[in-house]
Every structure is written in C-alpha cells, then in structure tokens.
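*Asks:* Questions regarding the structure given below will be posed in turn.
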Amino acid sequence: MKKILLYILFGAVALNSQAQFFEKVDYAGALSTDPSKDWTRGWTNWNPKTSIYPDVTDTTTLCSSTGEVDITGTLTLDASKVYLLKSIVVVKSGGRLIIPAGTEIRGKADMVSTPKQYATIVVERGGWISVNGTLSSPVVFTSAKPIGSRDRGDWGGLVLCGSAINNQGPNIQLEGFNNVALNNQLGFHGGMNYADNSCNISYLRIEFGGIAFEPNKEINGLTFASVGNGSSVDHVQVSYSGDDSYEWFGGTVNAKHLIAYKGTDDDYDTDFGYRGTVQFGIAQKDTMYYDLSWNATGGSVSECFESDNDASGSGKLPLTSAVFTNMTCVGPVPVGGTWATLGTTTKGAFRRGARIRRNSRLSITNSIFMGYRNFIMFDGDSTLYASGVKPLVKVSDVNDLIRNNYICNTSAAAAKSTTNTGLVEISAGSTVDSLDKWVRASINNNMIDKAAYTAGTVLVDPQNKTNPDFRPVSTNKDLVGTSDYDLGIYKKYGTFVVCDSITDRKSTRLNSSHLGIS
C-alpha cells in the first residue's frame, strides 16, 4: 500500500504542473486561421530530400574508431562547423551536450562495419542535452547522404533516458539496447523523480533517422524514456523516421509544437505509464511510407496514435494516461479521394487514426482527424470500460478519453463490418455499434463529417508536397470557437484510484492543499 500511495503523492504534483501547461485557444487543431500565428513557418523543412546541406567539416567530435563517444563533462558544439555523426554518442551521468542555434549534424550509420556505427545520440540518466535552436536558426539532425539517396534509417535518432517513473520498474532497458554490440548496458531508465530534467530542446529538426538495432526494433526519431516534467520540449519536427516519429516510455515530460512528417510507423506512440501532456501537434501520413511488417505475424500498421499501458495490457500503475490536445492529423487518403481508391497494400498498412489498446487511458481532445479509414480503434475491453462505452464496473474514473474532436472522411472510408463502422473499430464485433454511438454522443461533442472531404473544406492545403498549409480554412466555422478546456479530463487532474486489491477501490482527490503547497 505504501508504494501505491507514493505514486499518488508524486502524481498529484506532476499533474498539477500539467494543469498549468495548457494554452486556451479558440480553435480545434494545431493552428489558427491567422497566417501570422502559424508556428510552423520559418524553421521547418517539408522537402529535406532535395535540400542543399553544407558538407561535413568535423569528422572527429561525434565519431570514434571504437564506435562509441562518451561525454562525461560539458561538450559545446560550434555552429560554424558541420558535424558528422557516425558513432553512438553517449551523454553519461553528469555529462552535458550543448548544441547552439544553427548547428547541423549529419548522420551516417553503418551496421555492417566493425565496429558497428550506430550514429545515435543517447542521453543516459543524469546526463543532459540542450538544443538551443531558434525560429531563424534551428538545429538540424539529418542524413549525411547526398541529394537523391537520403531516406529513412540513414542514421539512428535522439534517445533521452530519464529518472521519472514508469510502470515497469525503476531500472528497465529500452528494447534493442541489450543487443548493441559495442555496449549492451545503455538505454536504462526509470526512477521516482517526476521533475527529472533530461533536456532543454527548442527548434529542432530530426530527419531520416530510424536504423534497426535488430529486426523490428528500430530507433525512433525522438525517444523519451522516463523523462520528467523538469525537461523542456518545444518546436520539434521529425521527418521520414524509420520507425515512430515520437515515442514515450513512461515519464511525465510535457511538449508543445511537435510535427511528425511522413514517418514509417506511428506518429505519436505512448507506453509504460506515460502521463505527460502534448499541445499543438501536426502529423501527416504518406502512402509511400509505412511499416513493412504490417502483414507479418506481430507486425505493425501505421497510425497517428498508438497507445498501450504495456505489452501485456496489465493494470500496472501508473496507467498510461497522457493528454494530447490541439492536434492536426492528416491520414493517407488523398484529399478528394476515398478509402476505396487506395491499393491493397496501402489499405492494409494504414487503418485508423488512433489505436488505444492494452489498458491505456490516452486522451485526445480539441483535435482534427482527416483522411483515415476509421477515426479510432478501441482495442480491448479495459479501454471500453474506462471510457464508459461498456457501462459495467469502471476500472478508472477517467472517462473523457475522446472529446471535442473534428473528424472528416469517415462515412465513405470503408465498408461497414462487425469490427468497423467507417468511424470506429474494435477487435471484436459485439460492441462496435456501442463504440460508434459513444463517439457520436452529444456529451463527447465530437464533430463528425461536418464537411465534405474535398479541397478547401477543412485545411488550406495539407498535402502539398513542398509547402503544406495545415491552417483551417476560414470558411469552416466548426473549427473556430470550438476548443473546450473545461472538459472533465482537465478537471480531474489530481484524481486517482487507490486500491488494496482489484475488488476494493475508492476514489480520492488530491490537490495542492492536501500536499501543503500553494
């Protein structure tokens, strides 16, 4: 019982900081109609495959003949140089890697060389990375290959390991890191420090990452492993990742202004009790980029959101209960097209905008979804119970999982079946109609097929290949004045379930007065 109460005590502090995190805006999705407030302009790159990047000038700082570079003190890079990243760069406990505005790092992995060159930056627990990009001078991690040959998996990615809590244990290792030939003791994370500070990141682009340590265990563009809410993450674009664009394994880190652009697998993946908040995010799928294992046993399809409590769907605490709000998610179906126009492989590889499964409590609010077969899949009875879809004994009092979202291109997306309605999908056919009714229920305030899925009805030009515009069209009044920050999910910060056993539980509310803080 002491362990559970400790989770609750620290959880109240963590969630109170989240409640102060949200900006109240008067629109659904990531952007307003006002072009002067478009936070994607000035620092992003929508066509990095053909970008002219300067040649490498430093081939030693982030490279080693042993395959590993350890940073134990403070290393400050020089923006006047262009760095080659070949080795696995490890920021050890007590180490600091500082990257000034305008710095460019070009990665080049080599998994067949001896020693292997992982071209990955790993910040270990107690280490710290500062990426100090600006609107006019972002920091860029990209491929070292020339124009015409850059692609996903050219190098690794950025991996942050912190000491905040996850639901698997205080000392667990990220998948694949046990097989790193150079050093199989990297990638451990976890602890009890909710305010863990592993990074200060602003205006960063990560392009063409995602090498595989081993089959089906690729590096994500940006990985947060038990990273705490003392960390700062704002304005990050991950493009052409060889796996997920972003993945969180536990932790409480918050983030704003994230872009997941044409990644291979999921755009935003949450696991192991992640409970942070993300506001203002964009995701775009491309039919040319999907997980090649989609049709294999245990393979993965490509979604905007995928969320698990853990791989077994256990009830381990803390439950995955992050909140994503003001997200704009553009699926693979071309604007003006239908699901039926896609090829067989594309239909199999892209199936829904979000998959909430394995006992997750992920919340998505005030967001836009367009161009998917189905808006969402609830995979598993525990998620259906928690949301209130199945009106039985609740396993959680968080029931505002999906609220106030604008959903377009569902009615013509797919033929109805026992597992999907063209709006929602489940893993068993008995409650698909109940889930459909729940998403459509007035209390959830989801705006469904309010406009035709054609050009100029929802977003200005979201699928432009070189200069997309994700702002809502000014004539769509359903997207303006529709955000709601008085939802129960926000009001319930500090509400927890305390249980001696699965059959003996009660709800308790903790706030700042209970903790003696003001």
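So you can find residues: chains in the structure tokens are A, B, ... in the order shown, residues in each start at 1, and ligands are numbered from 1 in order.
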Give me the residues near segment 206-221 of chain A as a PyMOL selection string, where near means some atom within 7 Å (using only C-alpha atoms) and where sequence neighbours in that chain fewer than 2 positions away do not count.

*Replies:* chain A and resi 140-143+151-158+175-176+180+204+223+237-247

*Asks:* Please identify the strand (DSSP E or B) residues within segment 87-138 of chain A (assignment by DSSP from backbone atoms) and present them as a PDB file with N, CA, C and O atoms, in the first residue's frame.

*Replies:*
ATOM      1  N   ILE A  88      27.873   5.885 -31.747  1.00  0.00           N
ATOM      2  CA  ILE A  88      26.843   6.072 -30.743  1.00  0.00           C
ATOM      3  C   ILE A  88      27.425   7.020 -29.699  1.00  0.00           C
ATOM      4  O   ILE A  88      28.441   6.731 -29.057  1.00  0.00           O
ATOM      5  N   VAL A  89      26.854   8.198 -29.605  1.00  0.00           N
ATOM      6  CA  VAL A  89      27.339   9.244 -28.697  1.00  0.00           C
ATOM      7  C   VAL A  89      26.540   9.142 -27.407  1.00  0.00           C
ATOM      8  O   VAL A  89      25.310   9.262 -27.425  1.00  0.00           O
ATOM      9  N   VAL A  90      27.214   8.915 -26.304  1.00  0.00           N
ATOM     10  CA  VAL A  90      26.556   8.687 -25.015  1.00  0.00           C
ATOM     11  C   VAL A  90      26.870   9.837 -24.073  1.00  0.00           C
ATOM     12  O   VAL A  90      28.035  10.066 -23.723  1.00  0.00           O
ATOM     13  N   VAL A  91      25.824  10.559 -23.689  1.00  0.00           N
ATOM     14  CA  VAL A  91      25.980  11.603 -22.672  1.00  0.00           C
ATOM     15  C   VAL A  91      25.783  10.915 -21.324  1.00  0.00           C
ATOM     16  O   VAL A  91      24.669  10.565 -20.940  1.00  0.00           O
ATOM     17  N   ARG A  96      27.113  16.845 -20.183  1.00  0.00           N
ATOM     18  CA  ARG A  96      26.238  17.846 -20.782  1.00  0.00           C
ATOM     19  C   ARG A  96      26.648  18.045 -22.246  1.00  0.00           C
ATOM     20  O   ARG A  96      27.818  18.295 -22.537  1.00  0.00           O
ATOM     21  N   LEU A  97      25.688  17.923 -23.136  1.00  0.00           N
ATOM     22  CA  LEU A  97      25.910  18.205 -24.551  1.00  0.00           C
ATOM     23  C   LEU A  97      25.093  19.434 -24.911  1.00  0.00           C
ATOM     24  O   LEU A  97      23.859  19.422 -24.803  1.00  0.00           O
ATOM     25  N   ILE A  98      25.773  20.498 -25.316  1.00  0.00           N
ATOM     26  CA  ILE A  98      25.115  21.766 -25.629  1.00  0.00           C
ATOM     27  C   ILE A  98      25.267  22.034 -27.119  1.00  0.00           C
ATOM     28  O   ILE A  98      26.377  22.071 -27.647  1.00  0.00           O
ATOM     29  N   ILE A  99      24.126  22.222 -27.778  1.00  0.00           N
ATOM     30  CA  ILE A  99      24.116  22.411 -29.226  1.00  0.00           C
ATOM     31  C   ILE A  99      23.516  23.779 -29.530  1.00  0.00           C
ATOM     32  O   ILE A  99      22.314  23.996 -29.340  1.00  0.00           O
ATOM     33  N   PRO A 100      24.317  24.720 -29.998  1.00  0.00           N
ATOM     34  CA  PRO A 100      23.822  26.086 -30.217  1.00  0.00           C
ATOM     35  C   PRO A 100      22.968  26.198 -31.470  1.00  0.00           C
ATOM     36  O   PRO A 100      22.963  25.312 -32.342  1.00  0.00           O
ATOM     37  N   GLU A 104      24.398  22.065 -37.484  1.00  0.00           N
ATOM     38  CA  GLU A 104      23.934  20.973 -38.333  1.00  0.00           C
ATOM     39  C   GLU A 104      24.770  19.730 -38.051  1.00  0.00           C
ATOM     40  O   GLU A 104      26.000  19.781 -38.027  1.00  0.00           O
ATOM     41  N   ILE A 105      24.078  18.624 -37.828  1.00  0.00           N
ATOM     42  CA  ILE A 105      24.713  17.330 -37.594  1.00  0.00           C
ATOM     43  C   ILE A 105      24.198  16.373 -38.658  1.00  0.00           C
ATOM     44  O   ILE A 105      22.983  16.212 -38.825  1.00  0.00           O
ATOM     45  N   ARG A 106      25.110  15.735 -39.374  1.00  0.00           N
ATOM     46  CA  ARG A 106      24.723  14.836 -40.463  1.00  0.00           C
ATOM     47  C   ARG A 106      25.105  13.405 -40.087  1.00  0.00           C
ATOM     48  O   ARG A 106      26.280  13.085 -39.869  1.00  0.00           O
ATOM     49  N   GLY A 107      24.091  12.544 -39.981  1.00  0.00           N
ATOM     50  CA  GLY A 107      24.288  11.193 -39.501  1.00  0.00           C
ATOM     51  C   GLY A 107      24.484  10.184 -40.612  1.00  0.00           C
ATOM     52  O   GLY A 107      23.878  10.282 -41.684  1.00  0.00           O
ATOM     53  N   ASP A 110      26.362   2.690 -40.080  1.00  0.00           N
ATOM     54  CA  ASP A 110      26.931   1.572 -40.832  1.00  0.00           C
ATOM     55  C   ASP A 110      26.838   0.339 -39.939  1.00  0.00           C
ATOM     56  O   ASP A 110      27.680   0.126 -39.064  1.00  0.00           O
ATOM     57  N   GLN A 117      28.607   1.197 -36.548  1.00  0.00           N
ATOM     58  CA  GLN A 117      28.457   2.641 -36.354  1.00  0.00           C
ATOM     59  C   GLN A 117      26.956   2.955 -36.268  1.00  0.00           C
ATOM     60  O   GLN A 117      26.254   2.936 -37.275  1.00  0.00           O
ATOM     61  N   THR A 120      23.885   7.445 -33.376  1.00  0.00           N
ATOM     62  CA  THR A 120      22.771   7.721 -32.474  1.00  0.00           C
ATOM     63  C   THR A 120      23.275   8.513 -31.278  1.00  0.00           C
ATOM     64  O   THR A 120      24.383   8.284 -30.801  1.00  0.00           O
ATOM     65  N   ILE A 121      22.452   9.435 -30.794  1.00  0.00           N
ATOM     66  CA  ILE A 121      22.778  10.171 -29.566  1.00  0.00           C
ATOM     67  C   ILE A 121      21.900   9.637 -28.444  1.00  0.00           C
ATOM     68  O   ILE A 121      20.666   9.645 -28.544  1.00  0.00           O
ATOM     69  N   VAL A 122      22.533   9.163 -27.382  1.00  0.00           N
ATOM     70  CA  VAL A 122      21.829   8.614 -26.228  1.00  0.00           C
ATOM     71  C   VAL A 122      22.197   9.443 -24.995  1.00  0.00           C
ATOM     72  O   VAL A 122      23.373   9.545 -24.640  1.00  0.00           O
ATOM     73  N   VAL A 123      21.203  10.023 -24.371  1.00  0.00           N
ATOM     74  CA  VAL A 123      21.418  10.752 -23.114  1.00  0.00           C
ATOM     75  C   VAL A 123      21.023   9.820 -21.982  1.00  0.00           C
ATOM     76  O   VAL A 123      19.856   9.441 -21.845  1.00  0.00           O
ATOM     77  N   TRP A 128      22.457  15.329 -19.697  1.00  0.00           N
ATOM     78  CA  TRP A 128      21.591  16.454 -20.088  1.00  0.00           C
ATOM     79  C   TRP A 128      21.994  16.935 -21.468  1.00  0.00           C
ATOM     80  O   TRP A 128      23.176  17.006 -21.806  1.00  0.00           O
ATOM     81  N   ILE A 129      21.008  17.235 -22.292  1.00  0.00           N
ATOM     82  CA  ILE A 129      21.256  17.794 -23.614  1.00  0.00           C
ATOM     83  C   ILE A 129      20.463  19.085 -23.757  1.00  0.00           C
ATOM     84  O   ILE A 129      19.314  19.178 -23.332  1.00  0.00           O
ATOM     85  N   SER A 130      21.113  20.090 -24.321  1.00  0.00           N
ATOM     86  CA  SER A 130      20.466  21.367 -24.584  1.00  0.00           C
ATOM     87  C   SER A 130      20.562  21.651 -26.078  1.00  0.00           C
ATOM     88  O   SER A 130      21.660  21.765 -26.625  1.00  0.00           O
ATOM     89  N   VAL A 131      19.423  21.724 -26.723  1.00  0.00           N
ATOM     90  CA  VAL A 131      19.348  22.031 -28.158  1.00  0.00           C
ATOM     91  C   VAL A 131      18.737  23.413 -28.267  1.00  0.00           C
ATOM     92  O   VAL A 131      17.539  23.597 -28.053  1.00  0.00           O
ATOM     93  N   ASN A 132      19.547  24.403 -28.600  1.00  0.00           N
ATOM     94  CA  ASN A 132      19.139  25.800 -28.475  1.00  0.00           C
ATOM     95  C   ASN A 132      18.823  26.441 -29.824  1.00  0.00           C
ATOM     96  O   ASN A 132      19.298  27.530 -30.137  1.00  0.00           O
TER      97      ASN A 132
END

*Asks:* Mind pulling up the distance from atom CA of Thr344 of chain A to atom CA of Ser302 of chain A?

*Replies:* 14.5 Å

*Asks:* Among segment 263-460 of chain A, which ones does DSSP assign to alpha helix (DSSP H) (computed from the backbone)? Answer as a list of chain:residue names.

*Replies:*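 Those residues are A:Thr344, A:Thr345, A:Thr346, A:Lys347, A:Gly348, A:Ala349, A:Asp381, A:Ser382, A:Thr383, A:Leu384, A:Tyr385, A:Ala386, A:Ser387, A:Val432, A:Asp433, A:Ser434, A:Leu435, A:Asp436, A:Lys437, A:Trp438, A:Val439, A:Arg440.
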
*Asks:* Have a look at atom CA of Val424 of chain A and atom CA of Gly313 of chain A and let me know their distance in Å, one decimal.

*Replies:* 20.5 Å

*Asks:* Would you mind telling me which residue in A:Cys408, A:Ala101, A:Ala79, A:Ile364 lies nearest to Asn444 of chain A when using only C-alpha atoms?

*Replies:*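 Smallest distance to Asn444 of chain A is found for A:Ile364.
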
*Asks:* Need the shell around segment 446-461 of chain A: protein/DNA/RNA residues with any atom at most 7 Å away, counting only C-alpha atoms. Skip same-chain ones fewer than 6 positions apart. Format as a PyMOL selection string?

*Replies:* chain A and resi 335-336+403-410+439-440+468-473+476

*Asks:* Name all residues at most 7 Å from Asn197 of chain A (count only C-alpha atoms; drop same-chain ones fewer than 2 positions away) and give them as number ranges by chain.

*Replies:* A: 195, 199, 228-231

*Asks:* Could those residues be written to a file, using C-alpha atoms, as a short mmCIF file (atom, residue, chain, number, x, y, z; two decimals), in the first residue's frame?

*Replies:*
data_model
loop_
_atom_site.label_atom_id
_atom_site.label_comp_id
_atom_site.auth_asym_id
_atom_site.auth_seq_id
_atom_site.Cartn_x
_atom_site.Cartn_y
_atom_site.Cartn_z
CA ALA A 195 10.74 16.54 -12.12
CA CYS A 199 16.76 18.05 -21.83
CA GLY A 228 10.33 14.02 -16.32
CA ASN A 229 8.43 17.29 -16.44
CA GLY A 230 11.50 19.29 -15.45
CA SER A 231 12.54 18.85 -19.07
#

*Asks:* Quick one: residues within 6 Å of Arg275 of chain A, only C-alpha atoms counted, chain neighbours fewer than 4 positions away excluded, as a list of chain:residue names?

*Replies:*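 Once the nearby chain positions are removed, what remains is A:Thr252, A:Thr320, A:Ser321, A:Ala322.
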
*Asks:* Got time to write the residues from that selection, C-alpha atoms, as a JSON list (two decimals), in the first residue's frame?

*Replies:*
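This is the output file selection.json:
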[["chain", "number", "residue", "atom", "x", "y", "z"],
["A", 252, "THR", "CA", 5.82, 12.95, -17.24],
["A", 320, "THR", "CA", -0.74, 5.40, -19.50],
["A", 321, "SER", "CA", -2.97, 8.48, -19.32],
["A", 322, "ALA", "CA", -1.33, 11.24, -21.33]]

*Asks:* Using only C-alpha atoms, which residues of segment 226-329 of chain A come within 9 Å of segment 347-350 of chain A, and what is the closest atom pair for each, with the distance in Å to one decimal? Give it as a tab-separated table, sorted by chain and residue number.

*Replies:*
residue	atom	partner	partner_atom	distance
A:Lys285	CA	A:Phe350	CA	8.9
A:Thr287	CA	A:Phe350	CA	8.3
A:Tyr290	CA	A:Ala349	CA	6.3
A:Asp291	CA	A:Ala349	CA	6.9
A:Leu292	CA	A:Ala349	CA	8.0
A:Ser293	CA	A:Ala349	CA	8.7
A:Trp294	CA	A:Ala349	CA	5.5
A:Asn295	CA	A:Gly348	CA	7.3
A:Ser300	CA	A:Ala349	CA	8.0
A:Val301	CA	A:Ala349	CA	4.9
A:Ser302	CA	A:Phe350	CA	5.3
A:Glu303	CA	A:Phe350	CA	6.5

*Asks:* Write out, as a PDB file, in the first residue's frame, the residues just selected, with N, CA and C atoms.

*Replies:*
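Below you can see part.pdb, which holds the result:
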ATOM      1  N   LYS A 285       0.604  11.571 -42.868  1.00  0.00           N
ATOM      2  CA  LYS A 285       0.994  10.297 -43.449  1.00  0.00           C
ATOM      3  C   LYS A 285       1.211  10.445 -44.954  1.00  0.00           C
ATOM      4  N   THR A 287       1.423   7.725 -48.350  1.00  0.00           N
ATOM      5  CA  THR A 287       1.182   6.338 -48.729  1.00  0.00           C
ATOM      6  C   THR A 287       2.463   5.604 -49.119  1.00  0.00           C
ATOM      7  N   TYR A 290       5.357   3.421 -44.847  1.00  0.00           N
ATOM      8  CA  TYR A 290       4.589   2.632 -43.905  1.00  0.00           C
ATOM      9  C   TYR A 290       5.474   1.509 -43.383  1.00  0.00           C
ATOM     10  N   ASP A 291       5.036   0.874 -42.301  1.00  0.00           N
ATOM     11  CA  ASP A 291       5.803  -0.208 -41.703  1.00  0.00           C
ATOM     12  C   ASP A 291       5.717  -1.441 -42.593  1.00  0.00           C
ATOM     13  N   LEU A 292       6.861  -1.905 -43.060  1.00  0.00           N
ATOM     14  CA  LEU A 292       6.891  -3.020 -43.999  1.00  0.00           C
ATOM     15  C   LEU A 292       6.472  -4.336 -43.355  1.00  0.00           C
ATOM     16  N   SER A 293       6.377  -4.363 -42.027  1.00  0.00           N
ATOM     17  CA  SER A 293       5.970  -5.592 -41.338  1.00  0.00           C
ATOM     18  C   SER A 293       4.459  -5.684 -41.157  1.00  0.00           C
ATOM     19  N   TRP A 294       3.701  -4.799 -41.769  1.00  0.00           N
ATOM     20  CA  TRP A 294       2.267  -4.694 -41.482  1.00  0.00           C
ATOM     21  C   TRP A 294       1.519  -6.005 -41.712  1.00  0.00           C
ATOM     22  N   ASN A 295       1.956  -6.819 -42.650  1.00  0.00           N
ATOM     23  CA  ASN A 295       1.232  -8.042 -42.991  1.00  0.00           C
ATOM     24  C   ASN A 295       1.839  -9.283 -42.364  1.00  0.00           C
ATOM     25  N   SER A 300       3.250  -4.384 -37.499  1.00  0.00           N
ATOM     26  CA  SER A 300       2.693  -3.121 -37.022  1.00  0.00           C
ATOM     27  C   SER A 300       2.143  -2.313 -38.180  1.00  0.00           C
ATOM     28  N   VAL A 301       0.934  -1.810 -38.031  1.00  0.00           N
ATOM     29  CA  VAL A 301       0.385  -0.888 -39.007  1.00  0.00           C
ATOM     30  C   VAL A 301       0.710   0.536 -38.575  1.00  0.00           C
ATOM     31  N   SER A 302       0.533   1.466 -39.485  1.00  0.00           N
ATOM     32  CA  SER A 302       0.983   2.843 -39.267  1.00  0.00           C
ATOM     33  C   SER A 302      -0.200   3.735 -38.911  1.00  0.00           C
ATOM     34  N   GLU A 303      -0.179   4.277 -37.710  1.00  0.00           N
ATOM     35  CA  GLU A 303      -1.261   5.117 -37.220  1.00  0.00           C
ATOM     36  C   GLU A 303      -0.716   6.448 -36.727  1.00  0.00           C
TER      37      GLU A 303
END

*Asks:* Neighbours of Val236 of chain A within 6 Å (only C-alpha atoms; same-chain residues fewer than 3 positions away dropped), as an mmCIF file with N, CA and C atoms, in the first residue's frame?

*Replies:*
data_model
loop_
_atom_site.group_PDB
_atom_site.id
_atom_site.type_symbol
_atom_site.label_atom_id
_atom_site.label_comp_id
_atom_site.auth_asym_id
_atom_site.auth_seq_id
_atom_site.Cartn_x
_atom_site.Cartn_y
_atom_site.Cartn_z
ATOM 1 N N TYR A 203 13.282 24.256 -31.229
ATOM 2 C CA TYR A 203 13.546 24.432 -32.658
ATOM 3 C C TYR A 203 14.587 23.425 -33.166
ATOM 4 N N LEU A 204 14.145 22.177 -33.217
ATOM 5 C CA LEU A 204 14.995 21.073 -33.651
ATOM 6 C C LEU A 204 14.311 20.310 -34.776
ATOM 7 N N ARG A 205 15.069 20.018 -35.827
ATOM 8 C CA ARG A 205 14.587 19.126 -36.893
ATOM 9 C C ARG A 205 15.387 17.825 -36.857
ATOM 10 N N LEU A 258 4.854 20.025 -31.855
ATOM 11 C CA LEU A 258 5.538 18.868 -32.421
ATOM 12 C C LEU A 258 4.983 18.572 -33.814
#

*Asks:* Which residues are close to Arg352 of chain A, i.e. within 12 Å by only C-alpha atoms, leaving aside same-chain residues fewer than 3 positions away? Reply as a ChimeraX atom specification.

*Replies:* /A:266,285,301-306,329-333,339,346-349,355-356,369-379,407,409-410,413-414,420-426

*Asks:* Quick one: of A:Ser307, A:Ser93, A:Thr134, A:Gln463, who's nearest to Thr44 of chain A, counting only C-alpha atoms?

*Replies:*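 Closest candidate: A:Thr134.
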